[in-house]
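Reproduced below: run.cif, with mmCIF, C-alpha atoms and all ligand atoms.
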data_final
loop_
_atom_site.label_atom_id
_atom_site.label_comp_id
_atom_site.auth_asym_id
_atom_site.auth_seq_id
_atom_site.Cartn_x
_atom_site.Cartn_y
_atom_site.Cartn_z
CA MET A 157 31.65 65.00 170.17
CA TYR A 158 30.44 61.44 170.74
CA ARG A 159 26.95 62.60 171.59
CA GLY A 160 26.34 64.25 168.24
CA SER A 161 25.46 67.77 169.25
CA PHE A 162 27.85 70.68 168.88
CA ALA A 163 28.11 74.43 168.36
CA ILE A 164 30.25 76.13 165.78
CA VAL A 165 31.65 79.50 166.79
CA ASP A 166 32.49 81.39 163.64
CA HIS A 167 35.47 83.63 164.37
CA GLN A 168 35.46 85.10 160.87
CA ALA A 169 31.98 86.43 161.63
CA LEU A 170 33.16 87.85 164.98
CA THR A 171 36.08 89.54 163.24
CA ARG A 172 33.91 91.04 160.52
CA ASN A 173 31.36 92.28 163.06
CA VAL A 174 34.02 93.99 165.16
CA LYS A 175 35.55 95.61 162.09
CA VAL A 176 32.23 96.88 160.80
CA ILE A 177 31.36 98.30 164.23
CA ARG A 178 34.79 99.89 164.47
CA SER A 179 34.35 101.60 161.14
CA TYR A 180 31.04 103.00 162.36
CA LEU A 181 32.42 104.69 165.48
CA GLY A 182 32.37 108.46 165.76
CA SER A 183 34.16 110.15 168.64
CA ALA A 184 34.94 106.91 170.47
CA LYS A 185 38.58 105.97 170.24
CA ARG A 186 38.01 102.83 172.22
CA LEU A 187 35.84 99.84 171.50
CA LEU A 188 35.05 97.66 174.48
CA ILE A 189 33.58 94.28 173.67
CA SER A 190 31.46 92.63 176.33
CA VAL A 191 32.54 89.03 176.95
CA LYS A 192 30.49 88.47 180.09
CA ALA A 193 28.57 85.23 180.59
CA ASN A 194 31.25 83.19 178.84
CA GLY A 195 31.29 85.57 175.90
CA TYR A 196 27.49 85.41 175.50
CA GLY A 197 27.87 81.65 175.40
CA HIS A 198 30.51 81.64 172.63
CA GLY A 199 33.51 81.10 174.96
CA SER A 200 34.96 84.19 176.66
CA LEU A 201 38.67 83.52 176.17
CA GLU A 202 38.34 82.55 172.51
CA VAL A 203 36.11 85.54 171.79
CA ALA A 204 38.44 87.88 173.69
CA LYS A 205 41.44 86.87 171.59
CA THR A 206 39.56 87.25 168.33
CA VAL A 207 37.93 90.60 169.06
CA LEU A 208 41.17 92.08 170.35
CA SER A 209 43.00 91.12 167.20
CA ALA A 210 40.08 92.50 165.15
CA GLY A 211 40.47 95.96 166.68
CA ALA A 212 38.68 95.96 170.03
CA THR A 213 40.67 97.83 172.70
CA ASP A 214 38.90 96.80 175.90
CA LEU A 215 36.90 93.93 177.36
CA GLY A 216 33.89 94.03 179.64
CA VAL A 217 32.74 91.39 182.12
CA ALA A 218 30.10 91.11 184.80
CA SER A 219 32.23 89.96 187.72
CA LEU A 220 35.74 89.73 189.09
CA GLU A 221 35.65 85.96 188.59
CA GLU A 222 35.08 86.46 184.87
CA ALA A 223 37.92 88.98 184.72
CA LEU A 224 40.33 86.64 186.51
CA THR A 225 39.56 83.85 184.07
CA LEU A 226 40.80 86.12 181.28
CA ARG A 227 43.83 87.44 183.18
CA GLU A 228 44.90 83.97 184.22
CA ALA A 229 44.74 82.90 180.58
CA GLY A 230 47.15 85.70 179.69
CA ILE A 231 44.83 88.45 178.41
CA THR A 232 46.51 91.79 179.11
CA ALA A 233 43.98 94.20 177.52
CA PRO A 234 42.04 96.56 179.80
CA ILE A 235 39.11 94.79 181.46
CA LEU A 236 36.18 96.57 183.10
CA ILE A 237 33.82 94.84 185.53
CA PHE A 238 30.32 96.23 184.86
CA GLY A 239 28.73 94.78 187.98
CA TYR A 240 29.13 95.50 191.68
CA THR A 241 32.55 94.93 193.22
CA SER A 242 32.97 95.37 196.96
CA PRO A 243 35.95 97.34 198.32
CA ARG A 244 37.37 94.08 199.65
CA ALA A 245 37.13 92.31 196.30
CA ALA A 246 38.62 95.42 194.71
CA CYS A 247 41.98 94.50 196.30
CA VAL A 248 42.10 91.48 194.03
CA ALA A 249 40.95 93.55 191.05
CA ALA A 250 43.81 95.99 191.70
CA GLU A 251 46.31 93.17 191.97
CA TYR A 252 45.24 91.86 188.56
CA ASP A 253 44.94 95.30 186.97
CA VAL A 254 41.19 94.95 186.42
CA SER A 255 39.06 98.11 186.44
CA VAL A 256 36.03 98.20 188.69
CA THR A 257 32.71 100.02 188.52
CA VAL A 258 31.84 102.01 191.62
CA GLY A 259 28.28 103.21 191.91
CA ASP A 260 27.91 103.52 195.65
CA ASP A 261 29.48 105.80 198.16
CA TRP A 262 32.86 104.46 199.28
CA THR A 263 33.56 107.56 201.33
CA LYS A 264 31.52 106.12 204.19
CA GLN A 265 32.81 102.55 203.89
CA ASP A 266 35.80 100.68 205.09
CA VAL A 267 38.05 100.73 202.04
CA PRO A 268 41.40 98.94 202.38
CA ASP A 269 44.68 100.28 201.02
CA PHE A 270 45.50 98.84 197.64
CA ALA A 271 48.93 97.38 197.06
CA LYS A 272 48.69 98.30 193.38
CA PRO A 273 46.64 101.26 192.10
CA LEU A 274 42.96 100.46 191.64
CA LYS A 275 41.33 101.76 188.45
CA VAL A 276 37.81 103.00 189.02
CA HIS A 277 34.95 103.85 186.68
CA LEU A 278 32.24 105.80 188.45
CA LYS A 279 28.74 104.94 187.35
CA TYR A 280 26.00 107.54 187.28
CA GLU A 281 22.32 106.67 187.51
CA THR A 282 20.30 108.27 184.73
CA GLY A 283 17.28 106.02 184.33
CA MET A 284 18.12 102.34 184.45
CA ASN A 285 17.76 102.26 188.24
CA ARG A 286 20.06 99.32 188.77
CA LEU A 287 23.52 100.52 189.77
CA GLY A 288 25.14 103.93 190.04
CA PHE A 289 25.24 107.18 191.99
CA THR A 290 21.75 108.57 192.28
CA SER A 291 22.78 112.16 192.95
CA GLN A 292 25.44 114.50 191.62
CA GLU A 293 26.43 115.45 195.15
CA THR A 294 27.36 111.93 196.27
CA LEU A 295 29.27 111.43 193.05
CA PHE A 296 31.23 114.66 193.61
CA GLU A 297 32.01 113.54 197.15
CA MET A 298 33.33 110.31 195.74
CA VAL A 299 35.45 112.22 193.22
CA ARG A 300 36.97 114.29 196.03
CA TRP A 301 37.65 111.09 197.97
CA LEU A 302 39.34 109.55 194.90
CA GLU A 303 41.56 112.60 194.53
CA GLY A 304 42.72 112.16 198.10
CA ARG A 305 43.91 108.60 197.49
CA ASN A 306 47.07 107.88 195.61
CA ASP A 307 46.32 104.16 195.41
CA VAL A 308 43.19 104.79 193.32
CA THR A 309 42.98 106.13 189.75
CA TRP A 310 39.83 107.73 188.39
CA GLU A 311 39.77 106.07 185.00
CA GLY A 312 36.21 106.42 183.77
CA LEU A 313 32.73 107.85 184.20
CA PHE A 314 29.69 106.26 182.63
CA THR A 315 26.01 105.56 182.53
CA HIS A 316 23.90 102.83 180.96
CA LEU A 317 20.96 103.23 178.59
CA ALA A 318 17.81 101.28 179.38
CA CYS A 319 15.82 101.72 176.16
CA ALA A 320 18.28 102.41 173.36
CA ASP A 321 16.91 99.39 171.49
CA GLY A 322 13.30 100.60 171.60
CA ASP A 323 11.36 102.21 168.79
CA GLN A 324 11.44 105.63 170.48
CA ASP A 325 14.38 107.80 171.51
CA ASP A 326 12.83 109.85 174.29
CA HIS A 327 13.97 107.70 177.23
CA SER A 328 17.57 107.60 175.95
CA ARG A 329 17.55 111.33 175.30
CA ARG A 330 16.43 111.98 178.87
CA GLN A 331 19.22 109.71 180.16
CA ILE A 332 21.87 111.37 177.99
CA GLY A 333 20.51 114.75 179.10
CA ARG A 334 21.10 113.84 182.76
CA PHE A 335 24.58 112.54 181.97
CA GLU A 336 25.36 115.80 180.13
CA GLU A 337 24.17 117.85 183.12
CA LEU A 338 26.64 115.95 185.27
CA LEU A 339 29.46 116.50 182.77
CA HIS A 340 28.61 120.17 182.65
CA GLU A 341 28.93 120.41 186.45
CA LEU A 342 32.25 118.56 186.39
CA ARG A 343 33.63 120.89 183.74
CA ARG A 344 32.39 123.90 185.68
CA ARG A 345 34.35 122.64 188.67
CA ASN A 346 37.42 122.17 186.48
CA TYR A 347 37.80 118.46 186.94
CA ALA A 348 39.94 116.68 184.38
CA MET A 349 37.56 114.38 182.55
CA PRO A 350 38.20 110.66 182.70
CA LEU A 351 37.12 108.26 179.97
CA LEU A 352 33.41 108.88 179.28
CA HIS A 353 31.00 106.22 178.05
CA ALA A 354 27.28 105.56 177.78
CA SER A 355 26.41 103.26 174.88
CA ASN A 356 25.76 99.55 174.65
CA SER A 357 25.27 98.02 171.17
CA ALA A 358 21.90 99.71 170.78
CA GLY A 359 23.18 103.16 171.72
CA THR A 360 26.26 102.70 169.56
CA LEU A 361 24.25 101.78 166.48
CA ARG A 362 21.55 104.32 167.16
CA ASN A 363 23.24 107.65 167.66
CA ALA A 364 26.88 108.65 167.17
CA GLU A 365 26.37 111.54 169.60
CA TRP A 366 26.15 108.97 172.38
CA HIS A 367 29.55 107.42 171.64
CA TYR A 368 31.73 109.66 173.85
CA ASP A 369 35.25 108.16 174.33
CA LEU A 370 34.38 104.49 174.44
CA VAL A 371 31.44 102.27 173.49
CA ARG A 372 30.51 99.01 175.22
CA VAL A 373 29.35 96.59 172.57
CA GLY A 374 28.07 93.09 173.24
CA ILE A 375 25.27 91.59 171.19
CA ALA A 376 26.22 93.30 167.91
CA ALA A 377 29.68 91.74 167.98
CA TYR A 378 28.01 88.34 168.14
CA GLY A 379 26.01 89.23 165.04
CA TYR A 380 22.57 90.15 166.32
CA ALA A 381 20.60 93.37 166.58
CA PRO A 382 19.77 94.37 170.16
CA SER A 383 16.05 94.03 169.48
CA LEU A 384 13.51 93.37 166.78
CA GLU A 385 12.24 96.96 167.03
CA MET A 386 15.56 98.30 165.90
CA ASP A 387 16.79 98.77 162.35
CA ILE A 388 20.53 98.55 162.40
CA PRO A 389 22.73 100.53 160.04
CA VAL A 390 25.39 97.84 159.57
CA ASN A 391 25.48 94.27 158.32
CA LEU A 392 26.12 91.80 161.10
CA GLU A 393 26.73 88.10 160.84
CA PRO A 394 25.62 85.60 163.50
CA ALA A 395 28.63 83.78 164.96
CA LEU A 396 26.87 81.04 166.88
CA ASN A 397 25.53 77.91 165.17
CA LEU A 398 24.00 74.92 166.95
CA TYR A 399 23.65 71.47 165.38
CA GLY A 400 22.69 67.94 166.30
CA PHE A 401 22.79 64.66 164.40
CA VAL A 402 19.57 62.67 164.08
CA THR A 403 19.65 59.73 166.51
CA ARG A 404 16.45 58.02 165.36
CA VAL A 405 13.88 58.22 162.58
CA SER A 406 10.51 56.70 163.39
CA GLU A 407 6.86 56.77 162.38
CA ILE A 408 3.70 56.97 164.49
CA GLU A 409 0.03 56.46 163.61
CA ALA A 410 -2.74 59.03 164.02
CA GLY A 411 -3.71 59.29 167.68
CA GLU A 412 -0.27 58.46 169.05
CA THR A 413 1.55 61.07 171.12
CA VAL A 414 5.05 62.46 171.47
CA GLY A 415 7.08 63.32 174.55
CA TYR A 416 6.50 63.92 178.25
CA GLY A 417 2.95 64.87 179.04
CA ALA A 418 1.84 63.67 175.59
CA THR A 419 1.36 67.29 174.52
CA PHE A 420 1.59 66.42 170.83
CA VAL A 421 -1.09 64.17 169.38
CA ALA A 422 -0.61 63.00 165.79
CA ARG A 423 -3.58 63.80 163.53
CA GLN A 424 -2.17 61.59 160.81
CA LYS A 425 0.70 59.21 160.20
CA THR A 426 3.72 61.24 161.33
CA ARG A 427 7.45 60.76 160.88
CA ILE A 428 9.70 61.85 163.70
CA ALA A 429 13.39 62.63 164.00
CA THR A 430 15.00 62.60 167.44
CA VAL A 431 17.86 65.09 168.09
CA PRO A 432 20.28 64.95 171.07
CA VAL A 433 19.72 68.53 172.23
CA GLY A 434 17.45 69.53 175.11
CA TYR A 435 16.78 72.23 177.62
CA ALA A 436 19.84 71.30 179.69
CA ASP A 437 21.86 72.28 176.63
CA GLY A 438 20.19 75.66 176.39
CA TYR A 439 17.43 74.84 173.94
CA PRO A 440 14.49 76.26 175.87
CA ARG A 441 11.52 74.19 176.88
CA SER A 442 9.31 77.12 175.91
CA LEU A 443 9.92 76.06 172.28
CA SER A 444 7.95 72.85 172.90
CA ASN A 445 5.43 72.39 170.06
CA CYS A 446 6.33 75.80 168.56
CA GLY A 447 10.04 75.91 167.73
CA TYR A 448 11.48 74.60 164.53
CA ALA A 449 14.76 73.39 163.07
CA PHE A 450 16.10 72.70 159.58
CA ILE A 451 16.96 69.32 158.09
CA ARG A 452 18.10 68.99 154.49
CA GLY A 453 17.31 72.64 154.01
CA GLN A 454 13.70 72.19 155.08
CA LYS A 455 11.74 73.33 158.08
CA ALA A 456 10.84 70.75 160.74
CA LYS A 457 8.62 71.67 163.69
CA VAL A 458 9.47 70.73 167.26
CA ILE A 459 6.76 68.34 168.42
CA GLY A 460 6.05 67.39 172.00
CA ASN A 461 7.76 68.93 174.98
CA VAL A 462 11.48 69.62 174.70
CA CYS A 463 13.19 67.14 177.06
CA MET A 464 16.25 67.77 179.20
CA ASP A 465 18.61 66.11 176.70
CA GLN A 466 16.63 65.49 173.52
CA LEU A 467 13.91 66.89 171.31
CA MET A 468 11.70 65.53 168.56
CA LEU A 469 10.95 67.01 165.14
CA ASP A 470 8.14 66.41 162.65
CA ILE A 471 9.79 65.31 159.41
CA THR A 472 6.66 63.92 157.72
CA ASN A 473 7.14 66.20 154.69
CA ILE A 474 10.89 65.93 154.40
CA ASN A 475 12.09 63.13 152.16
CA GLY A 476 15.07 60.95 152.82
CA VAL A 477 15.94 61.89 156.41
CA LYS A 478 18.11 59.22 157.93
CA LEU A 479 20.07 58.39 161.05
CA GLY A 480 23.05 60.73 161.41
CA ASP A 481 21.69 63.57 159.25
CA CYS A 482 22.62 66.99 160.52
CA VAL A 483 19.91 69.16 162.06
CA THR A 484 20.33 72.93 162.34
CA LEU A 485 18.93 74.18 165.64
CA TYR A 486 20.09 77.72 164.87
CA GLY A 487 22.63 79.47 162.69
CA HIS A 488 23.58 78.72 159.09
CA TYR A 489 21.73 75.70 157.71
CA ALA A 490 23.97 72.68 157.69
CA PRO A 491 24.88 71.49 154.19
CA ASN A 492 23.09 68.26 153.21
CA THR A 493 26.46 66.54 153.05
CA TRP A 494 26.99 66.89 156.77
CA HIS A 495 26.50 63.53 158.35
CA ALA A 496 27.54 62.04 161.68
CA GLU A 497 29.67 59.29 160.11
CA LYS A 498 31.65 61.57 157.87
CA PHE A 499 31.94 64.15 160.58
CA HIS A 500 33.46 61.76 163.08
CA GLU A 501 35.78 60.28 160.52
CA LEU A 502 37.12 63.65 159.43
CA ALA A 503 37.25 64.99 162.94
CA GLU A 504 39.50 62.08 163.85
CA THR A 505 41.76 62.14 160.82
CA SER A 506 42.23 65.83 160.09
CA ARG A 507 42.83 68.81 162.29
CA GLN A 508 39.27 69.33 163.33
CA THR A 509 38.79 72.98 162.55
CA ASP A 510 40.67 72.85 159.25
CA TRP A 511 38.13 70.43 157.93
CA LEU A 512 35.32 72.42 159.46
CA ARG A 513 36.48 75.60 157.83
CA GLU A 514 36.47 73.99 154.40
CA GLY A 515 33.26 72.07 154.97
CA PHE A 516 31.47 74.86 156.73
CA PHE A 517 32.56 77.98 154.93
CA ASP A 518 32.44 76.56 151.46
CA GLN A 519 28.96 75.17 151.87
CA GLY A 520 27.17 76.11 155.08
CA LYS A 521 28.04 79.77 154.95
CA GLN A 522 26.26 80.13 151.61
CA ASN A 523 23.09 78.91 153.30
CA PRO A 524 20.54 81.12 155.03
CA VAL A 525 20.44 81.48 158.80
CA LEU A 526 17.87 80.19 161.24
CA SER A 527 17.95 83.28 163.41
CA LEU A 528 18.05 83.27 167.18
CA ASP A 529 15.75 86.28 167.00
CA GLU A 530 13.11 84.12 165.39
CA LEU A 531 13.44 81.33 167.96
CA ALA A 532 13.60 83.82 170.81
CA PHE A 533 10.40 85.43 169.60
CA LEU A 534 8.63 82.04 169.50
CA GLY A 535 10.02 81.13 172.93
CA HIS A 536 9.06 84.48 174.51
CA THR A 537 12.62 85.55 175.20
CA ILE A 538 15.50 87.41 173.50
CA SER A 539 18.52 86.25 171.52
CA TYR A 540 20.79 87.22 174.44
CA GLU A 541 19.17 84.68 176.74
CA LEU A 542 19.39 81.85 174.21
CA MET A 543 23.10 82.52 173.59
CA CYS A 544 23.99 82.63 177.28
CA ALA A 545 21.94 79.53 177.91
CA LEU A 546 24.15 77.37 175.68
CA SER A 547 25.46 74.88 178.20
CA PRO A 548 29.08 73.81 178.77
CA ARG A 549 27.85 70.34 177.83
CA ILE A 550 27.75 71.40 174.18
CA PRO A 551 31.25 71.23 172.64
CA ARG A 552 32.17 74.50 170.92
CA LEU A 553 34.12 74.11 167.72
CA HIS A 554 35.99 77.31 167.08
CA VAL A 555 36.36 77.92 163.38
CA ARG A 556 38.86 80.63 162.56
C1 LIG B 1 26.11 93.81 179.04
C2 LIG B 1 26.42 95.25 179.04
C3 LIG B 1 26.73 95.93 177.85
C4 LIG B 1 26.61 95.28 176.49
O1 LIG B 1 25.24 95.30 176.10
P1 LIG B 1 24.78 94.80 174.64
O2 LIG B 1 23.33 95.13 174.63
O3 LIG B 1 25.05 93.34 174.58
O4 LIG B 1 25.56 95.57 173.66
C5 LIG B 1 27.12 97.25 177.95
N1 LIG B 1 27.19 97.88 179.15
C6 LIG B 1 26.88 97.26 180.31
C7 LIG B 1 26.98 98.02 181.59
C8 LIG B 1 26.47 95.95 180.30
O5 LIG B 1 26.14 95.34 181.45
#

Kindly return the structure encoded in the file as structure tokens.
Ligand SMILES: *Cc1c(COP(=O)(O)O)cnc(C)c1O
Amino acid sequence: MYRGSFAIVDHQALTRNVKVIRSYLGSAKRLLISVKANGYGHGSLEVAKTVLSAGATDLGVASLEEALTLREAGITAPILIFGYTSPRAACVAAEYDVSVTVGDDWTKQDVPDFAKPLKVHLKYETGMNRLGFTSQETLFEMVRWLEGRNDVTWEGLFTHLACADGDQDDHSRRQIGRFEELLHELRRRNYAMPLLHASNSAGTLRNAEWHYDLVRVGIAAYGYAPSLEMDIPVNLEPALNLYGFVTRVSEIEAGETVGYGATFVARQKTRIATVPVGYADGYPRSLSNCGYAFIRGQKAKVIGNVCMDQLMLDITNINGVKLGDCVTLYGHYAPNTWHAEKFHELAETSRQTDWLREGFFDQGKQNPVLSLDELAFLGHTISYELMCALSPRIPRLHVR
């Protein structure tokens, strides 16, 4: 906290989002929350605990490493690895009771015996063209192989939608159609159906017919819509807030420049605030000269190139900005009362998050939000990427 930049992870928002998504579910009895990539930057273990107590039943991760981090911290809920796991790595998954996705043909590979039963979700390719069985026949072969092994349990069968967040449904409908054809064949052959799933956040919020037995929700739990094209039927609340305290206020004359490469040239006398957040913290360089932040409830443009560790804002039209004022990089606008001095004092004397809850929820939460969607749009990316980019260098204050 000495540096003066920090993120607040709002667990009340996470809880509310999970509850509202839960209440929206149709057939799905299980709600898996995706906590890959360090819980979309929020902190995977902290998010996992909160979403599980808010009603999530399962967790999703990208890799075995991510799953082990959760298991080693004592998380016992079902965990599914979405990404590729090799048969060799699957031994470790089995040992830690982590479910793996299999989308390639193990019948022709060297698969070791598992000391504990391995739980497998078969993935079927329907239009994403990334991972999954590309034909019904190879999938059926795999099912027969699974049935012949008593150290492997067929736990799930799923697919993944590529365009559920678009403005048209046709691609998703084609994908669901292919998935249904597969299910039809399986039923015809009298297989007992495992857990079926197809929907990410977009699919979940788009069409209840795509919910099946479980939905895999990521971005919506963190409070954002999957895309700008999509109207979402529920109210979500962003959980991630990024702040920095002003480290200098200065003034330049017309003709002077700001930052590396001198990409900003002042047309008039310009006042500048420096903030200790840069691209190494996950604030993208693509927001150079086009992003903006909020100080004292007012908009301040990013001027010059975003540096690795710092950025500069134009505060010419904002009165009274001084050293230590709190700048909102994204999330709920910081209350005007937030100041580095007071912050450090209270952080030292009280239990940090108690003070934050009072200070933040009483004041900041009434304020509007500088949306990651807005910044992502300006920076030619998506909210997902900005969340995941938030570096370990930024302390996360978990407010519950
Ligand atoms: C990341 C991921 C999800 C979650 O996607 P969101 O768009 O964040 O809801 C669901 N399923 C799979 C296979 C994923 O990789």

At a cut-off of 9 Å, using only C-alpha atoms, what residues contact region 343-357 of chain A? Leave out same-chain residues fewer than 6 positions from it and give the result as a list in words.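 Close residues of region 343-357 of chain A: Ala184, His277, Trp310, Glu311, Gly312, Leu313, Phe314, Thr315, His316, Leu317, Ala320, Asp321, Ile332, Phe335, Trp366, His367, Tyr368, Asp369, Leu370, Val371, Arg372, Val373, Gly374, Ile375, Ala376, Ala377, Ala381 and Pro382 of chain A.
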
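Between ligand LIG 1 (chain B) and the candidates A:Asp166, A:Glu221, A:Glu541, A:Asp437, the tightest atom-to-atom separation, counting all atoms listed in the file, involves A:Glu541.
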
Find the residue from A:Ile177, A:Leu392, A:Ile550, A:Leu384 that sits nearest to Phe533 (chain A); use only C-alpha atoms when measuring. A:Leu384

Counting all atoms listed in the file, the residue of A:Leu502, A:Leu302, A:Leu226, A:Leu274 that sits nearest Ala249 (chain A):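 For Ala249 (chain A), the nearest of the candidates is A:Leu274.
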
Can you pull out every residue within 7 Å of Val207 (chain A), counting all atoms listed in the file, but drop anything in the same chain fewer than 4 positions away, and send it as a ChimeraX atom specification? /A:170-171,174,203,211-212

Which residues, written as a list in words, have at least one atom at most 9 Å from Ser547 (chain A), with all atoms listed in the file counted and residues fewer than 4 positions away on the same chain left out?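 Using all atoms listed in the file, the neighbours found are Gly197, Ala436, Asp437, Gly438 and Pro551 of chain A.
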